[in-house]
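Peer 1: This is query_29.cif (mmCIF, N, CA and C atoms).
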data_start
#
loop_
_atom_site.group_PDB
_atom_site.id
_atom_site.type_symbol
_atom_site.label_atom_id
_atom_site.label_comp_id
_atom_site.auth_asym_id
_atom_site.auth_seq_id
_atom_site.Cartn_x
_atom_site.Cartn_y
_atom_site.Cartn_z
ATOM 1 N N MET P 1 170.038 75.265 132.010
ATOM 2 C CA MET P 1 169.464 76.544 132.392
ATOM 3 C C MET P 1 169.564 77.542 131.234
ATOM 4 N N ILE P 2 170.753 77.638 130.639
ATOM 5 C CA ILE P 2 170.927 78.569 129.526
ATOM 6 C C ILE P 2 170.100 78.136 128.326
ATOM 7 N N SER P 3 170.063 76.841 128.074
ATOM 8 C CA SER P 3 169.284 76.378 126.927
ATOM 9 C C SER P 3 167.796 76.627 127.132
ATOM 10 N N SER P 4 167.309 76.504 128.350
ATOM 11 C CA SER P 4 165.894 76.792 128.590
ATOM 12 C C SER P 4 165.601 78.287 128.421
ATOM 13 N N LEU P 5 166.541 79.136 128.816
ATOM 14 C CA LEU P 5 166.357 80.573 128.595
ATOM 15 C C LEU P 5 166.353 80.899 127.108
ATOM 16 N N LEU P 6 167.266 80.280 126.369
ATOM 17 C CA LEU P 6 167.300 80.516 124.929
ATOM 18 C C LEU P 6 166.017 80.038 124.263
ATOM 19 N N ARG P 7 165.498 78.916 124.706
ATOM 20 C CA ARG P 7 164.246 78.410 124.160
ATOM 21 C C ARG P 7 163.094 79.368 124.491
ATOM 22 N N LEU P 8 163.096 79.893 125.712
ATOM 23 C CA LEU P 8 162.063 80.848 126.115
ATOM 24 C C LEU P 8 162.140 82.111 125.254
ATOM 25 N N PHE P 9 163.345 82.606 125.021
ATOM 26 C CA PHE P 9 163.503 83.791 124.190
ATOM 27 C C PHE P 9 163.107 83.516 122.740
ATOM 28 N N ALA P 10 163.352 82.315 122.253
ATOM 29 C CA ALA P 10 162.984 81.981 120.877
ATOM 30 C C ALA P 10 161.470 81.905 120.736
ATOM 31 N N LEU P 11 160.786 81.468 121.775
ATOM 32 C CA LEU P 11 159.336 81.337 121.703
ATOM 33 C C LEU P 11 158.622 82.672 121.932
ATOM 34 N N ARG P 12 159.232 83.545 122.661
ATOM 35 C CA ARG P 12 158.591 84.824 122.981
ATOM 36 C C ARG P 12 159.506 85.980 122.545
ATOM 37 N N PRO P 13 159.435 86.373 121.279
ATOM 38 C CA PRO P 13 160.355 87.411 120.786
ATOM 39 C C PRO P 13 160.150 88.770 121.452
ATOM 40 N N PHE P 14 158.919 89.090 121.864
ATOM 41 C CA PHE P 14 158.698 90.379 122.524
ATOM 42 C C PHE P 14 159.366 90.427 123.885
ATOM 43 N N LEU P 15 159.358 89.297 124.590
ATOM 44 C CA LEU P 15 160.056 89.222 125.867
ATOM 45 C C LEU P 15 161.559 89.377 125.656
ATOM 46 N N THR P 16 162.056 88.762 124.602
ATOM 47 C CA THR P 16 163.483 88.902 124.282
ATOM 48 C C THR P 16 163.829 90.352 123.990
ATOM 49 N N MET P 17 162.989 91.021 123.220
ATOM 50 C CA MET P 17 163.251 92.407 122.892
ATOM 51 C C MET P 17 163.162 93.280 124.142
ATOM 52 N N ALA P 18 162.239 92.966 125.029
ATOM 53 C CA ALA P 18 162.096 93.759 126.248
ATOM 54 C C ALA P 18 163.298 93.575 127.166
ATOM 55 N N ILE P 19 163.826 92.377 127.228
ATOM 56 C CA ILE P 19 164.947 92.115 128.137
ATOM 57 C C ILE P 19 166.268 92.529 127.518
ATOM 58 N N LEU P 20 166.497 92.176 126.257
ATOM 59 C CA LEU P 20 167.793 92.433 125.630
ATOM 60 C C LEU P 20 167.802 93.696 124.779
ATOM 61 N N GLY P 21 166.672 94.086 124.213
ATOM 62 C CA GLY P 21 166.647 95.183 123.261
ATOM 63 C C GLY P 21 166.709 96.555 123.886
ATOM 64 N N ILE P 22 166.010 96.748 124.994
ATOM 65 C CA ILE P 22 165.954 98.077 125.602
ATOM 66 C C ILE P 22 167.321 98.508 126.129
ATOM 67 N N PRO P 23 168.081 97.671 126.829
ATOM 68 C CA PRO P 23 169.417 98.127 127.236
ATOM 69 C C PRO P 23 170.320 98.456 126.050
ATOM 70 N N VAL P 24 170.201 97.727 124.971
ATOM 71 C CA VAL P 24 171.008 98.011 123.787
ATOM 72 C C VAL P 24 170.599 99.356 123.191
ATOM 73 N N ILE P 25 169.303 99.630 123.142
ATOM 74 C CA ILE P 25 168.818 100.908 122.621
ATOM 75 C C ILE P 25 169.291 102.049 123.509
ATOM 76 N N VAL P 26 169.273 101.835 124.820
ATOM 77 C CA VAL P 26 169.745 102.870 125.746
ATOM 78 C C VAL P 26 171.236 103.118 125.547
ATOM 79 N N LEU P 27 172.014 102.073 125.373
ATOM 80 C CA LEU P 27 173.450 102.241 125.135
ATOM 81 C C LEU P 27 173.711 103.006 123.839
ATOM 82 N N ILE P 28 172.976 102.691 122.801
ATOM 83 C CA ILE P 28 173.138 103.395 121.530
ATOM 84 C C ILE P 28 172.757 104.867 121.692
ATOM 85 N N ALA P 29 171.666 105.136 122.392
ATOM 86 C CA ALA P 29 171.224 106.514 122.597
ATOM 87 C C ALA P 29 172.248 107.306 123.406
ATOM 88 N N VAL P 30 172.779 106.700 124.454
ATOM 89 C CA VAL P 30 173.782 107.391 125.275
ATOM 90 C C VAL P 30 175.039 107.658 124.452
ATOM 91 N N GLY P 31 175.462 106.709 123.648
ATOM 92 C CA GLY P 31 176.632 106.897 122.798
ATOM 93 C C GLY P 31 176.427 108.012 121.788
ATOM 94 N N LEU P 32 175.269 108.047 121.133
ATOM 95 C CA LEU P 32 174.989 109.095 120.159
ATOM 96 C C LEU P 32 174.895 110.460 120.826
ATOM 97 N N LEU P 33 174.278 110.516 122.002
ATOM 98 C CA LEU P 33 174.187 111.778 122.733
ATOM 99 C C LEU P 33 175.570 112.280 123.138
ATOM 100 N N THR P 34 176.432 111.370 123.552
ATOM 101 C CA THR P 34 177.795 111.752 123.916
ATOM 102 C C THR P 34 178.539 112.319 122.714
ATOM 103 N N ILE P 35 178.399 111.681 121.572
ATOM 104 C CA ILE P 35 179.069 112.159 120.360
ATOM 105 C C ILE P 35 178.548 113.538 119.969
ATOM 106 N N VAL P 36 177.242 113.743 120.035
ATOM 107 C CA VAL P 36 176.664 115.041 119.674
ATOM 108 C C VAL P 36 177.141 116.128 120.631
ATOM 109 N N LEU P 37 177.171 115.826 121.919
ATOM 110 C CA LEU P 37 177.618 116.825 122.890
ATOM 111 C C LEU P 37 179.101 117.151 122.725
ATOM 112 N N MET P 38 179.915 116.156 122.433
ATOM 113 C CA MET P 38 181.344 116.421 122.216
ATOM 114 C C MET P 38 181.553 117.276 120.963
ATOM 115 N N LYS P 39 180.812 116.981 119.890
ATOM 116 C CA LYS P 39 180.916 117.799 118.682
ATOM 117 C C LYS P 39 180.461 119.223 118.955
ATOM 118 N N PHE P 40 179.392 119.395 119.719
ATOM 119 C CA PHE P 40 178.921 120.723 120.086
ATOM 120 C C PHE P 40 179.986 121.468 120.876
ATOM 121 N N LEU P 41 180.621 120.776 121.803
ATOM 122 C CA LEU P 41 181.666 121.398 122.605
ATOM 123 C C LEU P 41 182.840 121.825 121.739
ATOM 124 N N VAL P 42 183.293 120.938 120.855
ATOM 125 C CA VAL P 42 184.482 121.218 120.055
ATOM 126 C C VAL P 42 184.211 122.254 118.968
ATOM 127 N N PHE P 43 183.073 122.176 118.298
ATOM 128 C CA PHE P 43 182.837 123.025 117.131
ATOM 129 C C PHE P 43 182.048 124.297 117.427
ATOM 130 N N VAL P 44 181.425 124.411 118.594
ATOM 131 C CA VAL P 44 180.641 125.606 118.907
ATOM 132 C C VAL P 44 181.203 126.323 120.129
ATOM 133 N N VAL P 45 181.319 125.631 121.238
ATOM 134 C CA VAL P 45 181.707 126.281 122.489
ATOM 135 C C VAL P 45 183.170 126.715 122.463
ATOM 136 N N LEU P 46 184.070 125.837 122.072
ATOM 137 C CA LEU P 46 185.483 126.199 122.079
ATOM 138 C C LEU P 46 185.834 127.337 121.124
ATOM 139 N N PRO P 47 185.320 127.389 119.894
ATOM 140 C CA PRO P 47 185.614 128.560 119.057
ATOM 141 C C PRO P 47 185.075 129.862 119.638
ATOM 142 N N ILE P 48 183.893 129.836 120.243
ATOM 143 C CA ILE P 48 183.359 131.044 120.866
ATOM 144 C C ILE P 48 184.240 131.470 122.029
ATOM 145 N N MET P 49 184.660 130.506 122.856
ATOM 146 C CA MET P 49 185.538 130.837 123.977
ATOM 147 C C MET P 49 186.870 131.395 123.483
ATOM 148 N N ALA P 50 187.411 130.827 122.415
ATOM 149 C CA ALA P 50 188.680 131.313 121.871
ATOM 150 C C ALA P 50 188.532 132.736 121.324
ATOM 151 N N ALA P 51 187.422 133.019 120.658
ATOM 152 C CA ALA P 51 187.205 134.366 120.125
ATOM 153 C C ALA P 51 187.049 135.378 121.254
ATOM 154 N N VAL P 52 186.304 135.029 122.276
ATOM 155 C CA VAL P 52 186.132 135.943 123.411
ATOM 156 C C VAL P 52 187.465 136.178 124.097
ATOM 157 N N TRP P 53 188.237 135.122 124.299
ATOM 158 C CA TRP P 53 189.540 135.264 124.941
ATOM 159 C C TRP P 53 190.469 136.158 124.111
ATOM 160 N N LEU P 54 190.461 135.965 122.785
ATOM 161 C CA LEU P 54 191.321 136.757 121.910
ATOM 162 C C LEU P 54 190.941 138.227 121.940
ATOM 163 N N VAL P 55 189.640 138.529 121.897
ATOM 164 C CA VAL P 55 189.183 139.919 121.936
ATOM 165 C C VAL P 55 189.562 140.559 123.263
ATOM 166 N N ARG P 56 189.339 139.858 124.362
ATOM 167 C CA ARG P 56 189.715 140.400 125.677
ATOM 168 C C ARG P 56 191.218 140.627 125.761
ATOM 169 N N TRP P 57 191.990 139.688 125.231
ATOM 170 C CA TRP P 57 193.453 139.792 125.284
ATOM 171 C C TRP P 57 193.939 140.992 124.480
ATOM 172 N N LEU P 58 193.350 141.203 123.296
ATOM 173 C CA LEU P 58 193.743 142.342 122.459
ATOM 174 C C LEU P 58 193.378 143.665 123.111
ATOM 175 N N PHE P 59 192.182 143.785 123.684
ATOM 176 C CA PHE P 59 191.783 145.032 124.318
ATOM 177 C C PHE P 59 192.569 145.295 125.597
ATOM 178 N N ARG P 60 192.906 144.241 126.334
ATOM 179 C CA ARG P 60 193.705 144.410 127.528
ATOM 180 C C ARG P 60 195.101 144.904 127.177
ATOM 181 N N LYS P 61 195.639 144.432 126.054
ATOM 182 C CA LYS P 61 196.963 144.854 125.609
ATOM 183 C C LYS P 61 196.953 146.330 125.215
ATOM 184 N N GLU P 62 195.853 146.792 124.592
ATOM 185 C CA GLU P 62 195.756 148.194 124.205
ATOM 186 C C GLU P 62 195.685 149.104 125.434
ATOM 187 N N GLU P 63 195.013 148.665 126.464
ATOM 188 C CA GLU P 63 194.859 149.485 127.666
ATOM 189 C C GLU P 63 196.176 149.626 128.427
ATOM 190 N N ARG P 64 197.030 148.637 128.365
ATOM 191 C CA ARG P 64 198.270 148.654 129.118
ATOM 192 C C ARG P 64 199.309 149.593 128.518
ATOM 193 N N GLN P 65 199.265 149.832 127.216
ATOM 194 C CA GLN P 65 200.310 150.646 126.588
ATOM 195 C C GLN P 65 200.132 152.118 126.973
ATOM 196 N N PRO P 66 201.213 152.746 127.410
ATOM 197 C CA PRO P 66 201.096 154.165 127.795
ATOM 198 C C PRO P 66 200.954 155.045 126.550
ATOM 199 N N THR P 67 200.198 156.092 126.714
ATOM 200 C CA THR P 67 200.033 157.032 125.600
ATOM 201 C C THR P 67 201.041 158.163 125.739
ATOM 202 N N ALA P 68 201.557 158.648 124.637
ATOM 203 C CA ALA P 68 202.599 159.666 124.672
ATOM 204 C C ALA P 68 202.040 161.066 124.699
#
With the file now loaded, output its structure as structure tokens.
Peer 2:
Amino acid sequence: MISSLLRLFALRPFLTMAILGIPVIVLIAVGLLTIVLMKFLVFVVLPIMAAVWLVRWLFRKEERQPTA
């Protein structure tokens, strides 16, 4: 059974690419998209969130101190 499938795939390369190639391409695309989104999160979103948090924290500290 396996040898007949291998023979079929050897004779029809487009069928092989359609059956085996598309899932591999989808896996590669999903992996690359995941890497890009994680880099975006780490290098863009987190620094912006940290800066906003720091600014809010500093201004909140100024408001709490009593004036003489």
Peer 1: Work out how far apart atom C of Lys39 in chain P and atom C of Val26 in chain P are and give it in Å to one decimal.
Peer 2: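 One can read the atom C of Lys39 in chain P to atom C of Val26 in chain P distance as 19.7 Å.
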Peer 1: Can you measure atom N of Ala18 in chain P to atom N of Leu5 in chain P for me? One decimal in Å is fine.
Peer 2: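 For atom N of Ala18 in chain P relative to atom N of Leu5 in chain P, the distance reads 15.0 Å.
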Peer 1: If you measure from CA of Val24 in chain P to CA of Leu8 in chain P, what distance in Å do you get, rounded to one decimal?
Peer 2: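 Distance reported for this atom pair: 19.5 Å.
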